[in-house]
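This is data.cif (mmCIF, C-alpha atoms).
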data_model
#
loop_
_atom_site.group_PDB
_atom_site.id
_atom_site.type_symbol
_atom_site.label_atom_id
_atom_site.label_comp_id
_atom_site.auth_asym_id
_atom_site.auth_seq_id
_atom_site.Cartn_x
_atom_site.Cartn_y
_atom_site.Cartn_z
ATOM 1 C CA MET N 1028 -21.783 49.579 44.576
ATOM 2 C CA ILE N 1029 -21.243 52.915 42.795
ATOM 3 C CA ASN N 1030 -21.220 52.823 39.028
ATOM 4 C CA SER N 1031 -18.502 55.391 38.315
ATOM 5 C CA LYS N 1032 -19.537 55.871 34.710
ATOM 6 C CA PHE N 1033 -23.203 56.678 35.285
ATOM 7 C CA GLY N 1034 -22.978 57.779 38.917
ATOM 8 C CA HIS N 1035 -25.883 55.724 40.255
ATOM 9 C CA MET N 1036 -26.260 53.075 42.917
ATOM 10 C CA ASP N 1037 -26.382 49.409 41.865
ATOM 11 C CA ASN N 1038 -28.139 47.506 44.660
ATOM 12 C CA SER N 1039 -28.194 44.097 42.968
ATOM 13 C CA ARG N 1040 -26.323 41.254 44.605
ATOM 14 C CA PRO N 1041 -23.288 39.646 42.836
ATOM 15 C CA ALA N 1042 -25.253 36.449 42.214
ATOM 16 C CA ASP N 1043 -28.079 38.451 40.626
ATOM 17 C CA ARG N 1044 -25.680 40.251 38.326
ATOM 18 C CA ALA N 1045 -23.985 36.984 37.315
ATOM 19 C CA THR N 1046 -27.335 35.427 36.500
ATOM 20 C CA ALA N 1047 -28.387 38.449 34.497
ATOM 21 C CA SER N 1048 -25.181 38.446 32.423
ATOM 22 C CA ALA N 1049 -25.151 34.702 31.785
ATOM 23 C CA PRO N 1050 -27.584 34.737 28.805
ATOM 24 C CA GLY N 1051 -25.527 37.448 27.132
ATOM 25 C CA GLU N 1052 -22.317 35.522 27.692
ATOM 26 C CA LEU N 1053 -23.889 32.376 26.284
ATOM 27 C CA ARG N 1054 -25.088 34.248 23.210
ATOM 28 C CA SER N 1055 -21.621 35.729 22.753
ATOM 29 C CA ALA N 1056 -19.976 32.303 23.011
ATOM 30 C CA ALA N 1057 -22.507 30.821 20.588
ATOM 31 C CA THR N 1058 -21.845 33.625 18.100
ATOM 32 C CA ARG N 1059 -18.096 33.069 18.339
ATOM 33 C CA GLN N 1060 -18.466 29.321 17.779
ATOM 34 C CA ALA N 1061 -20.767 29.912 14.811
ATOM 35 C CA LEU N 1062 -18.152 32.161 13.210
ATOM 36 C CA LEU N 1063 -15.375 29.620 13.844
ATOM 37 C CA ARG N 1064 -17.426 26.821 12.265
ATOM 38 C CA ALA N 1065 -18.360 28.974 9.294
ATOM 39 C CA ALA N 1066 -14.756 30.071 8.764
ATOM 40 C CA ALA N 1067 -13.544 26.456 8.776
ATOM 41 C CA GLU N 1068 -16.218 25.525 6.239
ATOM 42 C CA VAL N 1069 -15.290 28.433 3.973
ATOM 43 C CA ILE N 1070 -11.579 27.561 4.158
ATOM 44 C CA ALA N 1071 -12.377 23.956 3.185
ATOM 45 C CA LYS N 1072 -14.620 25.083 0.335
ATOM 46 C CA VAL N 1073 -12.659 27.870 -1.354
ATOM 47 C CA GLY N 1074 -9.179 27.748 0.185
ATOM 48 C CA TRP N 1075 -7.414 29.818 2.833
ATOM 49 C CA HIS N 1076 -6.516 32.848 0.731
ATOM 50 C CA ARG N 1077 -9.870 33.055 -1.019
ATOM 51 C CA ALA N 1078 -11.817 33.051 2.247
ATOM 52 C CA ARG N 1079 -13.634 36.364 2.754
ATOM 53 C CA THR N 1080 -15.077 37.662 6.007
ATOM 54 C CA ARG N 1081 -18.337 38.656 4.355
ATOM 55 C CA ALA N 1082 -18.835 35.096 3.097
ATOM 56 C CA ILE N 1083 -18.021 33.738 6.567
ATOM 57 C CA ALA N 1084 -20.534 36.011 8.282
ATOM 58 C CA GLU N 1085 -23.176 35.143 5.707
ATOM 59 C CA ARG N 1086 -22.566 31.417 6.170
ATOM 60 C CA ALA N 1087 -22.879 31.846 9.941
ATOM 61 C CA GLY N 1088 -26.111 33.824 9.492
ATOM 62 C CA LEU N 1089 -24.628 36.799 11.307
ATOM 63 C CA PRO N 1090 -23.981 40.464 10.516
ATOM 64 C CA HIS N 1091 -20.541 41.217 9.127
ATOM 65 C CA GLY N 1092 -19.725 43.401 12.147
ATOM 66 C CA ALA N 1093 -19.881 40.344 14.425
ATOM 67 C CA ILE N 1094 -16.442 39.303 13.155
ATOM 68 C CA SER N 1095 -14.678 42.504 14.210
ATOM 69 C CA TYR N 1096 -16.486 42.362 17.561
ATOM 70 C CA HIS N 1097 -15.254 38.844 18.402
ATOM 71 C CA PHE N 1098 -11.908 38.671 16.550
ATOM 72 C CA ALA N 1099 -8.979 41.004 15.954
ATOM 73 C CA GLY N 1100 -9.302 40.730 12.196
ATOM 74 C CA LYS N 1101 -9.603 38.064 9.520
ATOM 75 C CA ASP N 1102 -6.216 36.446 10.192
ATOM 76 C CA GLN N 1103 -7.030 35.691 13.821
ATOM 77 C CA LEU N 1104 -10.416 34.264 12.861
ATOM 78 C CA LEU N 1105 -8.929 31.971 10.193
ATOM 79 C CA ARG N 1106 -6.116 30.803 12.462
ATOM 80 C CA GLN N 1107 -8.399 29.951 15.357
ATOM 81 C CA ALA N 1108 -10.988 28.326 13.084
ATOM 82 C CA ALA N 1109 -8.414 26.166 11.321
ATOM 83 C CA VAL N 1110 -6.730 25.030 14.535
ATOM 84 C CA ALA N 1111 -10.040 24.187 16.234
ATOM 85 C CA ALA N 1112 -11.381 22.330 13.187
ATOM 86 C CA SER N 1113 -8.097 20.456 12.718
ATOM 87 C CA ALA N 1114 -8.167 19.319 16.349
ATOM 88 C CA ALA N 1115 -11.688 17.970 15.805
ATOM 89 C CA ALA N 1116 -10.703 16.256 12.537
ATOM 90 C CA LEU N 1117 -7.647 14.592 14.099
ATOM 91 C CA LYS N 1118 -9.807 12.871 16.703
ATOM 92 C CA VAL N 1119 -10.569 10.163 14.119
ATOM 93 C CA PRO N 1120 -6.941 9.113 13.400
ATOM 94 C CA VAL N 1121 -6.119 9.388 17.110
ATOM 95 C CA ALA N 1122 -9.015 7.053 17.934
ATOM 96 C CA LEU N 1123 -7.820 4.607 15.275
ATOM 97 C CA ALA N 1124 -4.298 4.660 16.722
ATOM 98 C CA GLN N 1125 -5.701 3.977 20.201
ATOM 99 C CA GLN N 1126 -8.057 1.191 19.158
ATOM 100 C CA ALA N 1127 -6.334 -0.620 16.271
ATOM 101 C CA PRO N 1128 -4.946 -4.071 17.209
ATOM 102 C CA SER N 1129 -1.794 -3.569 15.125
ATOM 103 C CA VAL N 1130 0.023 -1.100 12.895
ATOM 104 C CA ALA N 1131 -0.984 -3.122 9.824
ATOM 105 C CA ALA N 1132 -4.635 -2.962 10.893
ATOM 106 C CA LEU N 1133 -4.363 0.795 11.457
ATOM 107 C CA ILE N 1134 -3.009 1.326 7.949
ATOM 108 C CA GLU N 1135 -5.637 -0.947 6.429
ATOM 109 C CA GLN N 1136 -8.466 0.775 8.317
ATOM 110 C CA THR N 1137 -7.212 4.217 7.276
ATOM 111 C CA ILE N 1138 -6.936 3.247 3.608
ATOM 112 C CA ALA N 1139 -10.390 1.644 3.804
ATOM 113 C CA TRP N 1140 -11.725 4.957 5.136
ATOM 114 C CA TYR N 1141 -10.099 6.764 2.216
ATOM 115 C CA ALA N 1142 -11.687 4.289 -0.235
ATOM 116 C CA ALA N 1143 -15.130 4.503 1.378
ATOM 117 C CA GLY N 1144 -15.416 8.208 0.621
ATOM 118 C CA GLY N 1145 -13.361 9.729 3.407
ATOM 119 C CA MET N 1146 -11.469 11.811 0.852
ATOM 120 C CA ALA N 1147 -14.690 13.728 0.177
ATOM 121 C CA ASP N 1148 -14.925 14.776 3.822
ATOM 122 C CA PRO N 1149 -14.482 18.576 4.053
ATOM 123 C CA SER N 1150 -12.164 18.031 7.021
ATOM 124 C CA VAL N 1151 -9.602 16.518 4.648
ATOM 125 C CA ARG N 1152 -9.499 19.693 2.552
ATOM 126 C CA LEU N 1153 -9.389 21.746 5.734
ATOM 127 C CA LEU N 1154 -6.361 19.786 6.998
ATOM 128 C CA LEU N 1155 -4.547 20.216 3.694
ATOM 129 C CA GLU N 1156 -5.222 23.956 3.649
ATOM 130 C CA THR N 1157 -4.100 24.250 7.263
ATOM 131 C CA SER N 1158 -0.885 22.342 6.533
ATOM 132 C CA ARG N 1159 -0.033 24.660 3.645
ATOM 133 C CA GLU N 1160 -0.680 27.756 5.743
ATOM 134 C CA ALA N 1161 1.305 26.316 8.665
ATOM 135 C CA SER N 1162 4.446 26.341 6.532
ATOM 136 C CA ARG N 1163 4.148 30.156 6.354
ATOM 137 C CA ASP N 1164 2.439 31.142 9.596
ATOM 138 C CA GLU N 1165 3.904 30.320 13.004
ATOM 139 C CA GLY N 1166 0.530 31.026 14.616
ATOM 140 C CA VAL N 1167 -0.861 28.059 12.720
ATOM 141 C CA ARG N 1168 2.279 25.904 12.678
ATOM 142 C CA ALA N 1169 2.923 25.688 16.426
ATOM 143 C CA PRO N 1170 -0.512 24.370 17.533
ATOM 144 C CA THR N 1171 -0.751 22.096 14.474
ATOM 145 C CA ALA N 1172 2.677 20.622 15.215
ATOM 146 C CA ALA N 1173 1.616 19.985 18.822
ATOM 147 C CA MET N 1174 -1.454 18.062 17.618
ATOM 148 C CA LEU N 1175 0.668 15.961 15.259
ATOM 149 C CA ARG N 1176 3.151 15.187 18.028
ATOM 150 C CA SER N 1177 0.267 13.964 20.189
ATOM 151 C CA TYR N 1178 -0.938 11.726 17.347
ATOM 152 C CA ARG N 1179 2.562 10.269 16.862
ATOM 153 C CA GLU N 1180 2.776 9.550 20.589
ATOM 154 C CA HIS N 1181 -0.369 7.405 20.379
ATOM 155 C CA LEU N 1182 1.025 5.752 17.261
ATOM 156 C CA THR N 1183 4.328 5.093 19.046
ATOM 157 C CA GLU N 1184 2.473 3.175 21.762
ATOM 158 C CA LEU N 1185 0.784 1.036 19.109
ATOM 159 C CA VAL N 1186 4.161 0.307 17.470
ATOM 160 C CA ARG N 1187 5.650 -0.622 20.839
ATOM 161 C CA LYS N 1188 2.812 -3.099 21.486
ATOM 162 C CA ASP N 1189 3.328 -4.586 18.035
ATOM 163 C CA GLN N 1190 7.043 -4.990 18.721
ATOM 164 C CA GLN N 1191 6.383 -6.671 22.055
ATOM 165 C CA ALA N 1192 3.969 -9.055 20.320
ATOM 166 C CA GLY N 1193 6.661 -9.958 17.785
ATOM 167 C CA ASN N 1194 4.804 -8.436 14.827
ATOM 168 C CA LEU N 1195 7.412 -5.747 14.129
ATOM 169 C CA ASN N 1196 11.194 -5.575 14.367
ATOM 170 C CA SER N 1197 11.957 -4.761 18.008
ATOM 171 C CA GLY N 1198 15.380 -3.365 17.106
ATOM 172 C CA VAL N 1199 13.891 -0.252 15.507
ATOM 173 C CA PRO N 1200 12.993 2.794 17.646
ATOM 174 C CA PRO N 1201 9.179 2.816 17.976
ATOM 175 C CA ASP N 1202 8.948 6.589 17.650
ATOM 176 C CA GLY N 1203 10.846 6.388 14.353
ATOM 177 C CA VAL N 1204 8.439 3.774 13.018
ATOM 178 C CA ALA N 1205 5.500 5.896 14.180
ATOM 179 C CA ALA N 1206 6.837 8.924 12.294
ATOM 180 C CA ILE N 1207 7.285 6.856 9.130
ATOM 181 C CA VAL N 1208 3.758 5.409 9.347
ATOM 182 C CA ALA N 1209 2.271 8.864 9.946
ATOM 183 C CA ALA N 1210 4.223 10.242 6.976
ATOM 184 C CA LEU N 1211 3.063 7.316 4.840
ATOM 185 C CA LEU N 1212 -0.602 7.958 5.609
ATOM 186 C CA ASP N 1213 -0.212 11.711 5.109
ATOM 187 C CA GLY N 1214 1.590 11.089 1.819
ATOM 188 C CA LEU N 1215 -1.217 8.845 0.599
ATOM 189 C CA LEU N 1216 -3.660 11.605 1.460
ATOM 190 C CA VAL N 1217 -1.782 14.024 -0.788
ATOM 191 C CA HIS N 1218 -1.457 11.490 -3.642
ATOM 192 C CA LEU N 1219 -5.153 10.643 -3.509
ATOM 193 C CA THR N 1220 -6.066 14.320 -3.487
ATOM 194 C CA LEU N 1221 -4.012 14.910 -6.634
ATOM 195 C CA ASP N 1222 -4.778 11.558 -8.282
ATOM 196 C CA PRO N 1223 -8.179 10.182 -7.191
ATOM 197 C CA ALA N 1224 -7.757 7.284 -9.662
ATOM 198 C CA LEU N 1225 -4.941 5.775 -7.572
ATOM 199 C CA GLU N 1226 -5.735 2.109 -6.917
ATOM 200 C CA LEU N 1227 -6.033 1.540 -3.171
ATOM 201 C CA GLY N 1228 -6.480 -2.230 -3.204
ATOM 202 C CA SER N 1229 -2.942 -2.815 -4.445
ATOM 203 C CA LEU N 1230 -1.621 -0.467 -1.767
ATOM 204 C CA ILE N 1231 -3.096 -2.607 1.012
ATOM 205 C CA THR N 1232 -1.604 -5.773 -0.515
ATOM 206 C CA ALA N 1233 1.820 -4.135 -0.878
ATOM 207 C CA LEU N 1234 1.782 -2.855 2.691
ATOM 208 C CA GLN N 1235 0.768 -6.259 4.045
ATOM 209 C CA ASP N 1236 3.761 -7.775 2.253
ATOM 210 C CA LEU N 1237 6.120 -5.093 3.556
ATOM 211 C CA LEU N 1238 4.896 -5.554 7.115
ATOM 212 C CA GLY N 1239 4.884 -9.316 6.912
ATOM 213 C CA GLU N 1240 1.150 -9.456 7.601
ATOM 214 C CA PRO N 1241 -0.522 -12.723 6.551
ATOM 215 C CA ARG N 1242 -3.199 -12.499 3.828
#
Would you kindly transcribe this structure into structure tokens?
Amino acid sequence: MINSKFGHMDNSRPADRATASAPGELRSAATRQALLRAAAEVIAKVGWHRARTRAIAERAGLPHGAISYHFAGKDQLLRQAAVAASAAALKVPVALAQQAPSVAALIEQTIAWYAAGGMADPSVRLLLETSREASRDEGVRAPTAAMLRSYREHLTELVRKDQQAGNLNSGVPPDGVAAIVAALLDGLLVHLTLDPALELGSLITALQDLLGEPR
């Protein structure tokens, strides 16, 4: 084919050109992913509004110009990094909601994770930072809200199974219970972040009593 820019003949076959460009495309994708990971780590470490592109590039081991090449500015990089990292972090609570035998067990397992050091996980700080930014930025809010809706849907199925088994009041809408449980766990996350001395053992006992779970 004729290369209109340089005016010379390109006799390579399409398959040859695709093969030749593949390493470059892979490197480009790897660079982009490295920047997204580094941005998420910086957000978790110093906070959304203290994150600097130079620090992100340095953490990724890349030149500062790589950011402007792959992203339309700092805001786009932070948004995409936060959403991608939040989706990865939410895989844990989604898995718990899918695998827990009951709502009471889900709550107990989540609190046990908090107590075992889960609060020190950088993903927790990342989620909190993302939530704060989502209240101001629609570009962060919309995808984050979609992820939370998906989580509540899994939780709703767990509530429905519990109701069918006679463990929970069947006269209450399961999606309403799911929203309350999700809010409870999120609220505990905030309280524990602000007051790490909060006693978790008594919380489990109180919740077992509220849910009618035998001890």
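Evaluated on this file, the PyMOL selection byres ((chain N and resi 1154) around 10) matches Ala1067, Ile1070, Ala1071, Ala1109, Val1110, Ala1112, Ser1113, Ala1114, Ala1116, Leu1117, Pro1149, Ser1150, Val1151, Arg1152, Leu1153, Leu1155, Glu1156, Thr1157, Ser1158, Arg1159, Glu1160 and Thr1171 of chain N.
CA of Ala1056 in chain N is positioned 9.3 Å from CA of His1097 in chain N.
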Could you please give me, as a VMD selection string, the residues of protein, DNA or RNA lying at most 8 Å from (-19.9, 30.4, 13.1) in the coordinate frame of the file, considering only C-alpha atoms? chain N and resid 1057 to 1066 1083 to 1084 1086 to 1088
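Computed from the coordinates, the CA of Asp1189 in chain N to CA of Ser1129 in chain N distance equals 6.0 Å.
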To test your reading of the syntax: which residues would the PyMOL selection byres ((chain N and resi 1103) around 12) return for the file shown? Reply as a PyMOL selection string. chain N and resi 1062-1063+1066+1080+1094-1095+1097-1102+1104-1110+1164+1166-1167
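The shortest atom-to-atom distance to Pro1200 in chain N, with all atoms listed in the file taken into account, belongs to N:Val1186 out of N:Pro1128, N:Asp1213, N:Val1186, N:Ala1147.
Atom pair CA of Pro1201 in chain N / CA of Ala1127 in chain N: separated by 16.0 Å.
For the set N:Glu1135, N:Ala1111, N:Gly1074, N:Pro1120, the residue with the smallest atom-to-atom gap to Ala1233 in chain N is N:Glu1135, counting all atoms listed in the file.
Those residues returned by the PyMOL selection byres ((chain N and resi 1194) around 10) for this file are Ser1129, Val1130, Ala1131, Val1186, Arg1187, Lys1188, Asp1189, Gln1190, Gln1191, Ala1192, Gly1193, Leu1195, Asn1196, Ser1197, Leu1238, Gly1239 and Glu1240 of chain N.
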Closest pair table for range 1031-1148 of chain N residues within 10 Å of range 1223-1229 of chain N, only C-alpha atoms, as JSON lines:
{"residue": "N:Glu1135", "atom": "CA", "partner": "N:Gly1228", "partner_atom": "CA", "distance": 9.8}
{"residue": "N:Ile1138", "atom": "CA", "partner": "N:Leu1227", "partner_atom": "CA", "distance": 7.0}
{"residue": "N:Ala1139", "atom": "CA", "partner": "N:Leu1227", "partner_atom": "CA", "distance": 8.2}
{"residue": "N:Tyr1141", "atom": "CA", "partner": "N:Leu1227", "partner_atom": "CA", "distance": 8.5}
{"residue": "N:Ala1142", "atom": "CA", "partner": "N:Leu1227", "partner_atom": "CA", "distance": 6.9}
{"residue": "N:Met1146", "atom": "CA", "partner": "N:Pro1223", "partner_atom": "CA", "distance": 8.8}
What are the centre and edge lengths in Å, to one decimal, of the axis-aligned box around all listed atoms of range 1213-1223 of chain N with 3 Å added on each side, as JSON?
{"center_x": -3.3, "center_y": 11.9, "center_z": -1.6, "size_x": 15.8, "size_y": 12.1, "size_z": 19.4}
Reconstructed N, CA and C atoms for range 1184-1217 of chain N, given as a PDB file, in the frame of the given file:
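Now in result_6.pdb:
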ATOM      1  N   GLU N1184       2.934   4.204  20.830  1.00  0.00           N
ATOM      2  CA  GLU N1184       2.473   3.175  21.762  1.00  0.00           C
ATOM      3  C   GLU N1184       1.960   1.951  21.016  1.00  0.00           C
ATOM      4  N   LEU N1185       1.274   2.159  19.916  1.00  0.00           N
ATOM      5  CA  LEU N1185       0.784   1.036  19.109  1.00  0.00           C
ATOM      6  C   LEU N1185       1.960   0.258  18.510  1.00  0.00           C
ATOM      7  N   VAL N1186       2.963   0.967  18.017  1.00  0.00           N
ATOM      8  CA  VAL N1186       4.161   0.307  17.470  1.00  0.00           C
ATOM      9  C   VAL N1186       4.855  -0.499  18.550  1.00  0.00           C
ATOM     10  N   ARG N1187       4.982   0.071  19.739  1.00  0.00           N
ATOM     11  CA  ARG N1187       5.650  -0.622  20.839  1.00  0.00           C
ATOM     12  C   ARG N1187       4.916  -1.923  21.190  1.00  0.00           C
ATOM     13  N   LYS N1188       3.595  -1.884  21.214  1.00  0.00           N
ATOM     14  CA  LYS N1188       2.812  -3.099  21.486  1.00  0.00           C
ATOM     15  C   LYS N1188       3.031  -4.141  20.396  1.00  0.00           C
ATOM     16  N   ASP N1189       3.084  -3.677  19.157  1.00  0.00           N
ATOM     17  CA  ASP N1189       3.328  -4.586  18.035  1.00  0.00           C
ATOM     18  C   ASP N1189       4.708  -5.228  18.141  1.00  0.00           C
ATOM     19  N   GLN N1190       5.694  -4.457  18.552  1.00  0.00           N
ATOM     20  CA  GLN N1190       7.043  -4.990  18.721  1.00  0.00           C
ATOM     21  C   GLN N1190       7.094  -6.030  19.839  1.00  0.00           C
ATOM     22  N   GLN N1191       6.413  -5.734  20.933  1.00  0.00           N
ATOM     23  CA  GLN N1191       6.383  -6.671  22.055  1.00  0.00           C
ATOM     24  C   GLN N1191       5.676  -7.965  21.685  1.00  0.00           C
ATOM     25  N   ALA N1192       4.703  -7.871  20.765  1.00  0.00           N
ATOM     26  CA  ALA N1192       3.969  -9.055  20.320  1.00  0.00           C
ATOM     27  C   ALA N1192       4.734  -9.816  19.248  1.00  0.00           C
ATOM     28  N   GLY N1193       5.865  -9.285  18.798  1.00  0.00           N
ATOM     29  CA  GLY N1193       6.661  -9.958  17.785  1.00  0.00           C
ATOM     30  C   GLY N1193       6.209  -9.695  16.361  1.00  0.00           C
ATOM     31  N   ASN N1194       5.310  -8.728  16.169  1.00  0.00           N
ATOM     32  CA  ASN N1194       4.804  -8.436  14.827  1.00  0.00           C
ATOM     33  C   ASN N1194       5.703  -7.481  14.054  1.00  0.00           C
ATOM     34  N   LEU N1195       6.509  -6.693  14.765  1.00  0.00           N
ATOM     35  CA  LEU N1195       7.412  -5.747  14.129  1.00  0.00           C
ATOM     36  C   LEU N1195       8.811  -5.910  14.704  1.00  0.00           C
ATOM     37  N   ASN N1196       9.798  -5.498  13.948  1.00  0.00           N
ATOM     38  CA  ASN N1196      11.194  -5.575  14.367  1.00  0.00           C
ATOM     39  C   ASN N1196      11.396  -4.770  15.646  1.00  0.00           C
ATOM     40  N   SER N1197      11.796  -5.435  16.716  1.00  0.00           N
ATOM     41  CA  SER N1197      11.957  -4.761  18.008  1.00  0.00           C
ATOM     42  C   SER N1197      13.243  -3.952  18.089  1.00  0.00           C
ATOM     43  N   GLY N1198      14.118  -4.093  17.087  1.00  0.00           N
ATOM     44  CA  GLY N1198      15.380  -3.365  17.106  1.00  0.00           C
ATOM     45  C   GLY N1198      15.277  -1.959  16.533  1.00  0.00           C
ATOM     46  N   VAL N1199      14.091  -1.577  16.111  1.00  0.00           N
ATOM     47  CA  VAL N1199      13.891  -0.252  15.507  1.00  0.00           C
ATOM     48  C   VAL N1199      13.191   0.652  16.522  1.00  0.00           C
ATOM     49  N   PRO N1200      13.647   1.886  16.689  1.00  0.00           N
ATOM     50  CA  PRO N1200      12.993   2.794  17.646  1.00  0.00           C
ATOM     51  C   PRO N1200      11.506   2.967  17.311  1.00  0.00           C
ATOM     52  N   PRO N1201      10.616   2.726  18.268  1.00  0.00           N
ATOM     53  CA  PRO N1201       9.179   2.816  17.976  1.00  0.00           C
ATOM     54  C   PRO N1201       8.724   4.199  17.534  1.00  0.00           C
ATOM     55  N   ASP N1202       9.354   5.249  18.066  1.00  0.00           N
ATOM     56  CA  ASP N1202       8.948   6.589  17.650  1.00  0.00           C
ATOM     57  C   ASP N1202       9.337   6.865  16.202  1.00  0.00           C
ATOM     58  N   GLY N1203      10.443   6.246  15.755  1.00  0.00           N
ATOM     59  CA  GLY N1203      10.846   6.388  14.353  1.00  0.00           C
ATOM     60  C   GLY N1203       9.857   5.694  13.420  1.00  0.00           C
ATOM     61  N   VAL N1204       9.428   4.494  13.819  1.00  0.00           N
ATOM     62  CA  VAL N1204       8.439   3.774  13.018  1.00  0.00           C
ATOM     63  C   VAL N1204       7.132   4.557  12.965  1.00  0.00           C
ATOM     64  N   ALA N1205       6.736   5.120  14.110  1.00  0.00           N
ATOM     65  CA  ALA N1205       5.500   5.896  14.180  1.00  0.00           C
ATOM     66  C   ALA N1205       5.557   7.086  13.228  1.00  0.00           C
ATOM     67  N   ALA N1206       6.693   7.770  13.184  1.00  0.00           N
ATOM     68  CA  ALA N1206       6.837   8.924  12.294  1.00  0.00           C
ATOM     69  C   ALA N1206       6.734   8.506  10.835  1.00  0.00           C
ATOM     70  N   ILE N1207       7.328   7.348  10.510  1.00  0.00           N
ATOM     71  CA  ILE N1207       7.285   6.856   9.130  1.00  0.00           C
ATOM     72  C   ILE N1207       5.853   6.479   8.739  1.00  0.00           C
ATOM     73  N   VAL N1208       5.145   5.802   9.637  1.00  0.00           N
ATOM     74  CA  VAL N1208       3.758   5.409   9.347  1.00  0.00           C
ATOM     75  C   VAL N1208       2.879   6.644   9.177  1.00  0.00           C
ATOM     76  N   ALA N1209       3.053   7.629  10.056  1.00  0.00           N
ATOM     77  CA  ALA N1209       2.271   8.864   9.946  1.00  0.00           C
ATOM     78  C   ALA N1209       2.564   9.565   8.624  1.00  0.00           C
ATOM     79  N   ALA N1210       3.844   9.604   8.242  1.00  0.00           N
ATOM     80  CA  ALA N1210       4.223  10.242   6.976  1.00  0.00           C
ATOM     81  C   ALA N1210       3.651   9.469   5.788  1.00  0.00           C
ATOM     82  N   LEU N1211       3.636   8.148   5.899  1.00  0.00           N
ATOM     83  CA  LEU N1211       3.063   7.316   4.840  1.00  0.00           C
ATOM     84  C   LEU N1211       1.591   7.640   4.633  1.00  0.00           C
ATOM     85  N   LEU N1212       0.829   7.694   5.718  1.00  0.00           N
ATOM     86  CA  LEU N1212      -0.602   7.958   5.609  1.00  0.00           C
ATOM     87  C   LEU N1212      -0.868   9.377   5.113  1.00  0.00           C
ATOM     88  N   ASP N1213      -0.060  10.333   5.582  1.00  0.00           N
ATOM     89  CA  ASP N1213      -0.212  11.711   5.109  1.00  0.00           C
ATOM     90  C   ASP N1213       0.138  11.807   3.627  1.00  0.00           C
ATOM     91  N   GLY N1214       1.188  11.077   3.226  1.00  0.00           N
ATOM     92  CA  GLY N1214       1.590  11.089   1.819  1.00  0.00           C
ATOM     93  C   GLY N1214       0.518  10.503   0.916  1.00  0.00           C
ATOM     94  N   LEU N1215      -0.122   9.429   1.368  1.00  0.00           N
ATOM     95  CA  LEU N1215      -1.217   8.845   0.599  1.00  0.00           C
ATOM     96  C   LEU N1215      -2.363   9.828   0.446  1.00  0.00           C
ATOM     97  N   LEU N1216      -2.606  10.599   1.498  1.00  0.00           N
ATOM     98  CA  LEU N1216      -3.660  11.605   1.460  1.00  0.00           C
ATOM     99  C   LEU N1216      -3.391  12.615   0.347  1.00  0.00           C
ATOM    100  N   VAL N1217      -2.148  13.059   0.250  1.00  0.00           N
ATOM    101  CA  VAL N1217      -1.782  14.024  -0.788  1.00  0.00           C
ATOM    102  C   VAL N1217      -1.905  13.396  -2.174  1.00  0.00           C
TER     103      VAL N1217
END
